[in-house]
$ cat start.tsv   # TSV, C-alpha atoms
chain	number	residue	atom	x	y	z
A	1	MET	CA	104.08	62.13	38.75
A	2	ARG	CA	103.31	60.61	42.10
A	3	ALA	CA	99.68	60.23	43.03
A	4	LEU	CA	98.29	63.29	44.78
A	5	SER	CA	96.40	61.52	47.50
A	6	GLY	CA	95.70	64.70	49.37
A	7	LEU	CA	94.56	66.78	46.40
A	8	LEU	CA	91.47	68.84	47.21
A	9	LEU	CA	91.17	67.16	50.61
A	10	LEU	CA	89.76	69.64	53.11
A	11	LEU	CA	90.83	68.69	56.60
A	12	SER	CA	88.03	68.65	59.09
A	13	SER	CA	89.69	70.79	61.71
A	14	VAL	CA	89.34	74.57	61.66
A	15	LEU	CA	91.78	76.52	63.82
A	16	SER	CA	90.65	79.90	65.01
A	17	ALA	CA	91.64	82.59	67.46
A	18	GLY	CA	89.58	85.69	67.94
A	19	GLU	CA	88.36	86.81	64.53
A	20	ILE	CA	91.01	85.00	62.44
A	21	GLN	CA	89.92	81.60	61.16
A	22	PHE	CA	91.66	79.10	58.91
A	23	GLU	CA	90.74	75.93	57.06
A	24	THR	CA	93.47	73.62	55.82
A	25	GLN	CA	93.67	72.10	52.34
A	26	GLU	CA	96.50	69.74	51.42
A	27	LEU	CA	97.28	70.33	47.75
A	28	ASP	CA	99.87	67.58	47.57
A	29	SER	CA	100.82	65.04	50.20
A	30	ALA	CA	103.94	63.95	48.32
A	31	VAL	CA	105.16	66.92	46.29
A	32	ALA	CA	108.81	66.02	46.96
A	33	LYS	CA	111.00	63.11	47.98
A	34	VAL	CA	113.50	65.38	49.77
A	35	ALA	CA	111.83	68.74	50.33
A	36	CYS	CA	109.54	71.40	48.95
A	37	TYR	CA	112.36	73.93	49.00
A	38	ALA	CA	110.40	76.99	47.89
A	39	VAL	CA	106.84	78.15	47.26
A	40	SER	CA	105.66	81.15	45.30
A	41	LEU	CA	102.56	82.69	43.72
A	42	ALA	CA	102.18	83.76	40.09
A	43	ASP	CA	99.41	84.03	37.50
A	44	VAL	CA	100.79	81.41	35.16
A	45	ASN	CA	97.77	81.08	32.83
A	46	THR	CA	96.96	84.84	32.82
A	47	ASP	CA	93.39	84.37	34.08
A	48	GLY	CA	93.79	86.98	36.82
A	49	LYS	CA	94.09	84.41	39.62
A	50	PRO	CA	97.34	83.61	41.46
A	51	ASP	CA	98.51	80.03	41.01
A	52	VAL	CA	100.73	78.14	43.46
A	53	ILE	CA	104.32	77.32	42.47
A	54	ALA	CA	106.32	74.59	44.23
A	55	VAL	CA	110.04	73.88	43.89
A	56	THR	CA	111.47	70.47	44.81
A	57	GLU	CA	114.88	68.90	44.49
A	58	ASN	CA	114.33	68.03	40.81
A	59	ARG	CA	111.03	69.62	39.74
A	60	VAL	CA	109.15	72.89	39.48
A	61	LEU	CA	105.36	72.56	39.44
A	62	TRP	CA	102.40	74.90	39.26
A	63	TYR	CA	98.94	74.26	40.69
A	64	GLU	CA	96.12	75.94	38.78
A	65	ASN	CA	93.71	78.11	40.74
A	66	PRO	CA	90.93	77.13	41.57
A	67	THR	CA	90.98	73.43	40.56
A	68	TRP	CA	94.58	73.05	41.83
A	69	LYS	CA	95.40	70.73	38.98
A	70	PRO	CA	99.20	70.23	39.04
A	71	ARG	CA	101.41	70.67	35.99
A	72	VAL	CA	105.15	70.15	35.65
A	73	ILE	CA	107.15	73.21	34.58
A	74	ILE	CA	110.48	71.39	34.53
A	75	GLU	CA	111.63	67.98	35.75
A	76	ASP	CA	115.23	66.69	35.74
A	77	GLN	CA	116.21	69.36	33.21
A	78	VAL	CA	118.86	71.10	35.35
A	79	GLU	CA	121.16	70.15	38.19
A	80	ARG	CA	119.79	69.01	41.55
A	81	ASP	CA	118.94	70.47	44.02
A	82	HIS	CA	116.62	73.31	43.04
A	83	VAL	CA	116.54	75.79	45.91
A	84	CYS	CA	114.86	79.11	44.97
A	85	ILE	CA	112.56	80.68	42.38
A	86	ALA	CA	111.42	84.16	41.36
A	87	PRO	CA	108.50	84.94	38.98
A	88	PHE	CA	108.73	87.77	36.44
A	89	ASP	CA	107.96	88.48	32.78
A	90	ILE	CA	111.57	88.17	31.70
A	91	ASP	CA	111.15	88.28	27.91
A	92	GLY	CA	108.45	90.97	27.90
A	93	ASP	CA	105.75	88.92	26.16
A	94	GLY	CA	103.14	89.64	28.84
A	95	GLN	CA	103.36	86.17	30.41
A	96	ILE	CA	105.07	85.01	33.58
A	97	ASP	CA	108.51	83.42	33.37
A	98	PHE	CA	110.67	82.20	36.24
A	99	ALA	CA	114.25	82.56	37.40
A	100	LEU	CA	115.50	79.44	39.19
A	101	GLY	CA	118.45	78.65	41.44
A	102	ALA	CA	119.74	75.08	41.15
A	103	GLY	CA	122.82	72.96	41.78
A	104	TRP	CA	122.52	73.90	45.44
A	105	THR	CA	125.87	74.09	47.36
A	106	LYS	CA	128.12	72.54	44.70
A	107	LEU	CA	127.40	74.54	41.52
A	108	GLY	CA	125.04	77.44	42.19
A	109	THR	CA	123.57	77.54	38.70
A	110	MET	CA	120.94	80.12	37.74
A	111	TYR	CA	118.48	79.71	34.90
A	112	TRP	CA	115.33	81.28	33.56
A	113	LEU	CA	112.35	79.25	32.43
A	114	LYS	CA	110.17	80.04	29.39
A	115	ARG	CA	106.89	78.28	28.64
A	116	GLY	CA	106.40	76.04	25.64
A	117	ALA	CA	103.63	76.09	23.05
A	118	SER	CA	101.10	74.90	25.64
A	119	LEU	CA	100.98	74.95	29.43
A	120	ASP	CA	100.91	71.14	29.49
A	121	GLU	CA	104.43	70.98	28.01
A	122	LYS	CA	107.65	71.23	29.95
A	123	TRP	CA	109.25	74.66	29.80
A	124	GLN	CA	112.49	75.71	28.09
A	125	VAL	CA	115.57	76.41	30.20
A	126	PHE	CA	118.10	79.18	29.52
A	127	PRO	CA	121.26	79.90	31.58
A	128	ILE	CA	121.85	83.15	33.47
A	129	ALA	CA	125.03	82.66	35.52
A	130	LYS	CA	126.78	80.59	38.18
A	131	GLU	CA	127.62	81.48	41.79
A	132	VAL	CA	128.48	78.73	44.27
A	133	SER	CA	125.86	78.26	47.02
A	134	THR	CA	123.22	80.43	45.33
A	135	HIS	CA	120.43	80.31	47.91
A	136	ARG	CA	117.75	83.02	47.45
A	137	MET	CA	116.60	85.22	44.56
A	138	ARG	CA	114.01	87.97	44.11
A	139	PHE	CA	113.31	90.61	41.49
A	140	GLY	CA	113.67	94.19	42.70
A	141	ASN	CA	114.64	97.53	41.21
A	142	VAL	CA	117.77	98.01	43.30
A	143	LEU	CA	119.59	99.97	40.57
A	144	GLY	CA	116.80	102.43	39.81
A	145	LYS	CA	116.50	101.29	36.19
A	146	ASP	CA	113.48	100.91	33.88
A	147	ARG	CA	113.08	97.21	34.77
A	148	PRO	CA	113.71	95.29	37.98
A	149	GLN	CA	116.87	93.26	38.40
A	150	LEU	CA	117.29	89.69	39.62
A	151	VAL	CA	118.91	89.97	43.05
A	152	VAL	CA	120.67	86.82	44.26
A	153	SER	CA	122.03	86.10	47.74
A	154	PRO	CA	124.35	83.08	48.00
A	155	LEU	CA	124.74	81.50	51.42
A	156	ASN	CA	128.54	81.36	51.54
A	157	PRO	CA	131.48	83.22	49.97
A	158	SER	CA	132.78	82.11	46.58
A	159	GLU	CA	135.57	84.24	45.08
A	160	ALA	CA	135.43	87.15	47.56
A	161	PRO	CA	136.18	87.29	51.32
A	162	GLY	CA	132.43	87.53	51.97
A	163	VAL	CA	129.21	86.61	50.21
A	164	ARG	CA	128.71	88.40	46.89
A	165	LEU	CA	125.25	89.98	46.89
A	166	LEU	CA	124.43	90.11	43.17
A	167	ALA	CA	122.09	92.12	40.93
A	168	PHE	CA	121.59	90.85	37.35
A	169	GLU	CA	120.00	93.11	34.74
A	170	ILE	CA	117.71	91.49	32.18
A	171	PRO	CA	119.29	91.92	28.71
A	172	ASN	CA	117.34	92.86	25.57
A	173	ALA	CA	117.66	89.29	24.29
A	174	PRO	CA	117.58	87.17	27.48
A	175	THR	CA	117.71	83.85	25.63
A	176	ALA	CA	121.07	84.73	24.05
A	177	ASP	CA	122.72	87.73	25.72
A	178	ARG	CA	124.76	87.92	28.92
A	179	TRP	CA	122.94	89.28	31.97
A	180	PRO	CA	124.97	92.33	33.16
A	181	LEU	CA	126.08	91.93	36.77
A	182	THR	CA	126.51	94.44	39.61
A	183	VAL	CA	128.06	93.26	42.89
A	184	MET	CA	126.14	95.03	45.63
A	185	ASP	CA	128.31	93.86	48.53
A	186	GLU	CA	130.88	91.21	49.45
A	187	SER	CA	131.38	91.64	53.19
A	188	LEU	CA	128.82	89.40	54.93
A	189	HIS	CA	128.79	85.68	55.74
A	190	ARG	CA	126.06	83.04	55.85
A	191	VAL	CA	123.54	85.26	54.08
A	192	HIS	CA	120.45	83.11	54.40
A	193	ASN	CA	117.82	85.42	52.86
A	194	HIS	CA	117.01	88.91	51.63
A	195	TRP	CA	113.96	91.11	51.08
A	196	HIS	CA	113.25	94.28	49.09
A	197	LEU	CA	111.54	97.44	50.34
A	198	ASP	CA	110.79	100.95	49.10
A	199	LEU	CA	109.73	103.04	52.09
A	200	ASN	CA	110.20	106.51	50.56
A	201	GLY	CA	108.36	105.87	47.28
A	202	ASP	CA	111.25	106.76	44.96
A	203	HIS	CA	110.92	103.44	43.08
A	204	VAL	CA	114.41	102.33	44.09
A	205	ASP	CA	114.33	99.23	46.26
A	206	GLY	CA	116.51	98.80	49.29
A	207	THR	CA	117.65	95.27	50.10
A	208	LEU	CA	117.42	93.81	53.59
A	209	THR	CA	119.76	90.90	54.31
A	210	SER	CA	119.76	88.39	57.16
A	211	SER	CA	123.24	87.05	57.82
A	212	GLN	CA	125.72	85.88	60.41
A	213	GLU	CA	126.45	89.53	61.19
A	214	GLY	CA	122.78	90.52	61.73
A	215	VAL	CA	120.26	92.47	59.65
A	216	PHE	CA	121.58	95.03	57.13
A	217	LEU	CA	120.02	97.37	54.58
A	218	PHE	CA	121.73	98.05	51.23
A	219	ARG	CA	120.68	100.94	49.03
A	220	HIS	CA	121.96	102.17	45.68
A	221	GLU	CA	123.60	105.59	45.96
A	222	GLY	CA	124.47	106.04	42.28
A	223	SER	CA	127.42	105.11	40.04
A	224	GLY	CA	127.06	101.47	41.00
A	225	LYS	CA	127.81	102.13	44.67
A	226	PHE	CA	125.69	100.90	47.56
A	227	SER	CA	125.40	102.15	51.12
A	228	LYS	CA	125.43	99.55	53.88
A	229	ARG	CA	123.51	100.14	57.10
A	230	GLN	CA	123.06	97.77	60.04
A	231	ILE	CA	119.45	97.59	61.22
A	232	GLY	CA	119.55	94.80	63.81
A	233	THR	CA	122.12	92.84	65.77
A	234	GLY	CA	120.71	89.36	65.36
A	235	THR	CA	121.28	86.72	68.03
A	236	ALA	CA	124.54	86.81	69.97
A	237	GLY	CA	126.61	83.62	70.17
A	238	THR	CA	130.10	82.20	70.44
A	239	LYS	CA	130.06	80.28	67.13
A	240	PRO	CA	129.14	81.50	63.63
A	241	GLU	CA	126.15	79.18	63.46
A	242	GLU	CA	124.84	80.64	66.74
A	243	THR	CA	124.87	84.28	65.66
A	244	GLY	CA	122.95	86.68	63.48
A	245	ALA	CA	119.69	86.12	61.59
A	246	GLY	CA	118.41	83.57	59.10
A	247	GLU	CA	115.14	84.99	57.72
A	248	VAL	CA	113.86	88.56	57.36
A	249	LYS	CA	110.55	90.11	56.27
A	250	LEU	CA	109.00	93.58	56.45
A	251	GLY	CA	105.63	94.13	58.13
A	252	ARG	CA	103.27	97.03	58.84
A	253	LEU	CA	102.06	98.22	62.23
A	254	GLY	CA	99.66	100.65	60.57
A	255	LYS	CA	99.90	103.61	58.22
A	256	ASP	CA	103.56	104.59	57.67
A	257	LYS	CA	104.68	102.44	60.60
A	258	PHE	CA	106.76	99.33	60.00
A	259	PHE	CA	108.55	96.46	61.73
A	260	LEU	CA	110.97	93.74	60.73
A	261	ALA	CA	110.44	90.09	61.60
A	262	THR	CA	113.29	87.60	61.67
A	263	VAL	CA	114.08	84.01	62.53
A	264	GLU	CA	117.34	83.89	64.49
A	265	PRO	CA	119.98	82.61	64.06
A	266	MET	CA	120.11	80.77	60.72
A	267	HIS	CA	117.93	77.65	61.07
A	268	GLY	CA	117.30	79.08	64.49
A	269	HIS	CA	115.23	78.92	67.63
A	270	SER	CA	113.73	82.42	67.92
A	271	VAL	CA	111.15	84.60	66.18
A	272	VAL	CA	112.24	88.21	66.65
A	273	VAL	CA	110.64	91.60	65.98
A	274	TYR	CA	112.58	94.82	65.32
A	275	THR	CA	110.78	98.13	65.82
A	276	GLY	CA	111.65	101.81	65.70
A	277	PRO	CA	111.28	104.74	63.33
A	278	MET	CA	111.94	103.79	59.72
A	279	PRO	CA	114.16	104.97	58.26
A	280	LEU	CA	116.20	104.81	61.44
A	281	PRO	CA	118.20	107.85	62.57
A	282	GLU	CA	121.88	107.61	61.65
A	283	GLY	CA	123.81	105.41	64.07
A	284	GLN	CA	120.69	103.93	65.70
A	285	LEU	CA	119.77	100.24	65.67
A	286	ALA	CA	116.20	99.00	65.75
A	287	ASP	CA	114.81	97.76	69.07
A	288	ARG	CA	114.94	93.96	69.29
A	289	GLN	CA	112.23	91.83	70.93
A	290	VAL	CA	112.19	88.00	71.03
A	291	ILE	CA	108.56	86.90	70.77
A	292	ASP	CA	109.09	83.12	70.62
A	293	ASP	CA	112.17	81.01	71.45
A	294	SER	CA	110.66	77.54	71.11
A	295	PHE	CA	111.65	76.77	67.51
A	296	LYS	CA	113.96	74.07	66.22
A	297	GLN	CA	115.27	74.71	62.72
A	298	GLY	CA	113.09	77.75	62.08
A	299	HIS	CA	112.98	78.20	58.31
A	300	ALA	CA	109.74	79.80	57.10
A	301	LEU	CA	108.58	83.37	57.69
A	302	GLY	CA	105.99	85.79	56.34
A	303	CYS	CA	104.10	88.96	57.21
A	304	ALA	CA	100.51	89.68	56.10
A	305	ASP	CA	97.40	91.45	57.33
A	306	LEU	CA	95.37	88.32	58.01
A	307	ASP	CA	92.41	90.05	59.68
A	308	HIS	CA	92.24	93.17	57.49
A	309	ASP	CA	92.80	95.63	60.35
A	310	GLY	CA	95.76	97.47	58.83
A	311	VAL	CA	98.34	95.69	61.01
A	312	ASP	CA	100.32	92.72	59.73
A	313	GLU	CA	100.51	89.41	61.52
A	314	ILE	CA	103.70	87.30	61.51
A	315	ILE	CA	103.56	83.73	60.24
A	316	ALA	CA	106.50	81.47	61.10
A	317	GLY	CA	107.31	77.78	61.27
A	318	HIS	CA	110.05	75.33	62.21
A	319	ARG	CA	110.96	72.21	60.28
A	320	GLU	CA	112.16	69.89	63.07
A	321	PRO	CA	110.27	68.79	66.22
A	322	ASN	CA	110.98	70.95	69.26
A	323	THR	CA	110.76	69.96	72.92
A	324	ASP	CA	107.00	69.41	72.45
A	325	GLY	CA	107.82	66.73	69.89
A	326	LYS	CA	106.10	68.48	66.98
A	327	VAL	CA	106.88	70.61	63.98
A	328	ALA	CA	104.63	73.66	63.89
A	329	VAL	CA	103.46	76.76	62.04
A	330	TYR	CA	102.14	79.69	64.10
A	331	TYR	CA	100.84	83.17	63.51
A	332	TYR	CA	101.47	86.07	65.85
A	333	ARG	CA	99.22	89.09	66.44
A	334	ALA	CA	100.49	92.36	67.87
A	335	SER	CA	98.82	93.08	71.21
A	336	ASN	CA	99.98	96.70	71.49
A	337	ASP	CA	100.41	99.59	69.06
A	338	ALA	CA	104.20	99.65	69.47
A	339	GLY	CA	104.60	96.09	68.19
A	340	THR	CA	106.61	95.06	71.25
A	341	LYS	CA	104.11	92.43	72.48
A	342	TRP	CA	102.70	89.60	70.39
A	343	ASP	CA	100.28	86.73	71.01
A	344	ARG	CA	101.00	83.33	69.45
A	345	HIS	CA	98.30	81.19	67.82
A	346	PRO	CA	98.63	77.73	66.22
A	347	LEU	CA	98.12	77.34	62.49
A	348	ASP	CA	99.43	73.78	62.05
A	349	LEU	CA	100.65	71.55	64.87
A	350	GLY	CA	102.49	68.47	63.64
A	351	GLY	CA	101.47	68.46	59.97
A	352	MET	CA	103.93	70.84	58.29
A	353	ALA	CA	107.73	70.77	58.63
A	354	SER	CA	107.83	74.15	56.93
A	355	GLU	CA	110.75	74.85	54.64
A	356	ASP	CA	109.12	77.90	53.05
A	357	LEU	CA	105.85	79.81	53.08
A	358	VAL	CA	104.20	82.61	51.14
A	359	THR	CA	101.03	84.65	51.62
A	360	GLY	CA	98.50	85.91	49.10
A	361	ASP	CA	94.77	86.25	48.40
A	362	LEU	CA	93.85	83.17	46.36
A	363	ASN	CA	90.05	83.59	46.19
A	364	GLY	CA	89.67	87.36	45.86
A	365	ASP	CA	87.93	87.99	49.17
A	366	GLY	CA	90.59	90.47	50.32
A	367	TYR	CA	92.00	88.21	53.05
A	368	PRO	CA	95.39	86.56	52.39
A	369	GLU	CA	95.92	82.83	52.59
A	370	VAL	CA	99.08	81.10	53.83
A	371	ILE	CA	100.73	78.55	51.53
A	372	ALA	CA	103.50	76.37	52.93
A	373	GLY	CA	105.82	73.63	51.67
A	374	GLY	CA	107.36	70.94	53.86
A	375	ARG	CA	110.74	69.33	54.26
A	376	ALA	CA	110.40	66.16	56.35
A	377	THR	CA	106.64	66.14	55.69
A	378	HIS	CA	107.22	66.45	51.89
A	379	ASN	CA	103.85	68.17	51.46
A	380	LEU	CA	102.21	71.34	50.17
A	381	LYS	CA	99.29	73.04	51.95
A	382	ILE	CA	96.98	76.02	51.67
A	383	TYR	CA	95.69	77.51	54.90
A	384	TRP	CA	92.49	79.20	53.72
A	385	ASN	CA	91.71	82.42	55.52
A	386	ARG	CA	88.01	82.13	56.44
A	387	THR	CA	87.92	85.37	58.42
A	388	ALA	CA	85.78	87.17	55.80
A	389	ALA	CA	83.08	84.49	56.00
A	390	SER	CA	82.92	84.77	59.80
A	391	ARG	CA	82.11	88.50	59.75

$ encode --input "start.tsv" --output "structure tokens"
Amino acid sequence: MRALSGLLLLLSSVLSAGEIQFETQELDSAVAKVACYAVSLADVNTDGKPDVIAVTENRVLWYENPTWKPRVIIEDQVERDHVCIAPFDIDGDGQIDFALGAGWTKLGTMYWLKRGASLDEKWQVFPIAKEVSTHRMRFGNVLGKDRPQLVVSPLNPSEAPGVRLLAFEIPNAPTADRWPLTVMDESLHRVHNHWHLDLNGDHVDGTLTSSQEGVFLFRHEGSGKFSKRQIGTGTAGTKPEETGAGEVKLGRLGKDKFFLATVEPMHGHSVVVYTGPMPLPEGQLADRQVIDDSFKQGHALGCADLDHDGVDEIIAGHREPNTDGKVAVYYYRASNDAGTKWDRHPLDLGGMASEDLVTGDLNGDGYPEVIAGGRATHNLKIYWNRTAASR
């Protein structure tokens, strides 16, 4: 493994705005040669603390909380390039496993990873399925079953006119048995990401998708059939690559009040907020508001209540320098109750070409951190939320 020259290095600068304060720690200055394609959180060693997971072109690693010692989960055991990961206890032994998407663009292979006899060993790899251009995966109970399913969104069509949005059920013997498949939809194109939500508390997850056609919500209606509902238009353009949405996340504006955040279009220039009553009345689209149009290759997005006031902030970053000559990660705070106006604050200017980010409370103080992985910067960082200490 390459030397981790930045491990446990606390950068001297502290960025703050109002009552939100951050301190930056670079976990790994050279986590990847090509890119840190995905980051995630999971309690790998079952000590009650979330660990950081990083996915690169040929490795999956986990960084142990709180020492941040890195360990290799797999390395050169499946096809390059690894592109997405989803944590879940797949075999029901009470310990975290992972689903992994690999062979990006050419093969679209999906595997699940099971730990060895010790956490210092490389993990075992078992196949799930193949779907060309597999791009994102998350576990969600979209079928209303006893256990969540692995939902996979490829970027481009394979055997159908549109992208096949897939839900795989975990079999009783996942190391040996076929994972039963339900095709949720096959009508969209350039589906860059998806997100699960359960707004009515019935324990059946809806699936938001961000695609060339805009933002859609899919929901299981029984007998394997899914309803399809457009929520947002996405960006308008004259070419496929100029239209629609690339990222989507759900955020809260307070109790029982929600918004959607997107990056538009795919690898796009704008951070966008959609507001309105949720669920939306039949035939109505959410109101669309561009809150930042300065991005170049926007590719990382999250929503979290950074200041513990009951309203989520938006965290977003772009992976190529914009007209200011820098890559950047920002967070946005709503400045009115309707969520139609947002103030932008810098989180990292020039040090993170963000490919992916995730949020979560790493130290148990109730305030979520931001964890981001870079493409051109090849690095992995924690932005420690120091807001609790300032109060």

$ atom_distance --input "start.tsv" --atom1 "atom CA of A:Trp112" --atom2 "atom CA of A:Ile128"
6.8 Å

$ closest_residue --input "start.tsv" --among "A:Thr56, A:Gly222, A:Lys122, A:Thr46" --to "A:Gln77" --atoms "only C-alpha atoms"
A:Lys122

$ closest_atom_pairs --input "start.tsv" --of "stretch 308-377 of chain A" --to "stretch 279-295 of chain A" --cutoff "7 Å" --atoms "all atoms listed in the file" --output "tab-separated table"
residue	atom	partner	partner_atom	distance
A:His318	CA	A:Phe295	CA	5.7
A:Asn322	CA	A:Phe295	CA	6.1
A:Thr340	CA	A:Gln289	CA	6.5
A:Trp342	CA	A:Ile291	CA	6.5

$ residues_around --input "start.tsv" --residues "A:Ala38" --least-positions-apart "4" --cutoff "8 Å" --atoms "all atoms listed in the file" --output "PyMOL selection string"
chain A and resi 54-56+83-85+355-357+373

$ residues_around --input "start.tsv" --residues "stretch 297-300 of chain A" --least-positions-apart "3" --cutoff "8 Å" --atoms "only C-alpha atoms" --output "number ranges by chain"
A: 246-247, 263-264, 266-270, 315-320, 354-357

$ write_last_selection --input "start.tsv" --atoms "C-alpha atoms" --output "PDB file, in the coordinates of the input"
ATOM      1  CA  GLY A 246     118.410  83.570  59.100  1.00  0.00           C
ATOM      2  CA  GLU A 247     115.140  84.990  57.720  1.00  0.00           C
ATOM      3  CA  VAL A 263     114.080  84.010  62.530  1.00  0.00           C
ATOM      4  CA  GLU A 264     117.340  83.890  64.490  1.00  0.00           C
ATOM      5  CA  MET A 266     120.110  80.770  60.720  1.00  0.00           C
ATOM      6  CA  HIS A 267     117.930  77.650  61.070  1.00  0.00           C
ATOM      7  CA  GLY A 268     117.300  79.080  64.490  1.00  0.00           C
ATOM      8  CA  HIS A 269     115.230  78.920  67.630  1.00  0.00           C
ATOM      9  CA  SER A 270     113.730  82.420  67.920  1.00  0.00           C
ATOM     10  CA  ILE A 315     103.560  83.730  60.240  1.00  0.00           C
ATOM     11  CA  ALA A 316     106.500  81.470  61.100  1.00  0.00           C
ATOM     12  CA  GLY A 317     107.310  77.780  61.270  1.00  0.00           C
ATOM     13  CA  HIS A 318     110.050  75.330  62.210  1.00  0.00           C
ATOM     14  CA  ARG A 319     110.960  72.210  60.280  1.00  0.00           C
ATOM     15  CA  GLU A 320     112.160  69.890  63.070  1.00  0.00           C
ATOM     16  CA  SER A 354     107.830  74.150  56.930  1.00  0.00           C
ATOM     17  CA  GLU A 355     110.750  74.850  54.640  1.00  0.00           C
ATOM     18  CA  ASP A 356     109.120  77.900  53.050  1.00  0.00           C
ATOM     19  CA  LEU A 357     105.850  79.810  53.080  1.00  0.00           C
TER      20      LEU A 357
END

$ closest_residue --input "start.tsv" --among "A:Phe126, A:Phe22, A:Tyr37, A:Phe98" --to "A:Gly374" --atoms "all atoms listed in the file"
A:Tyr37
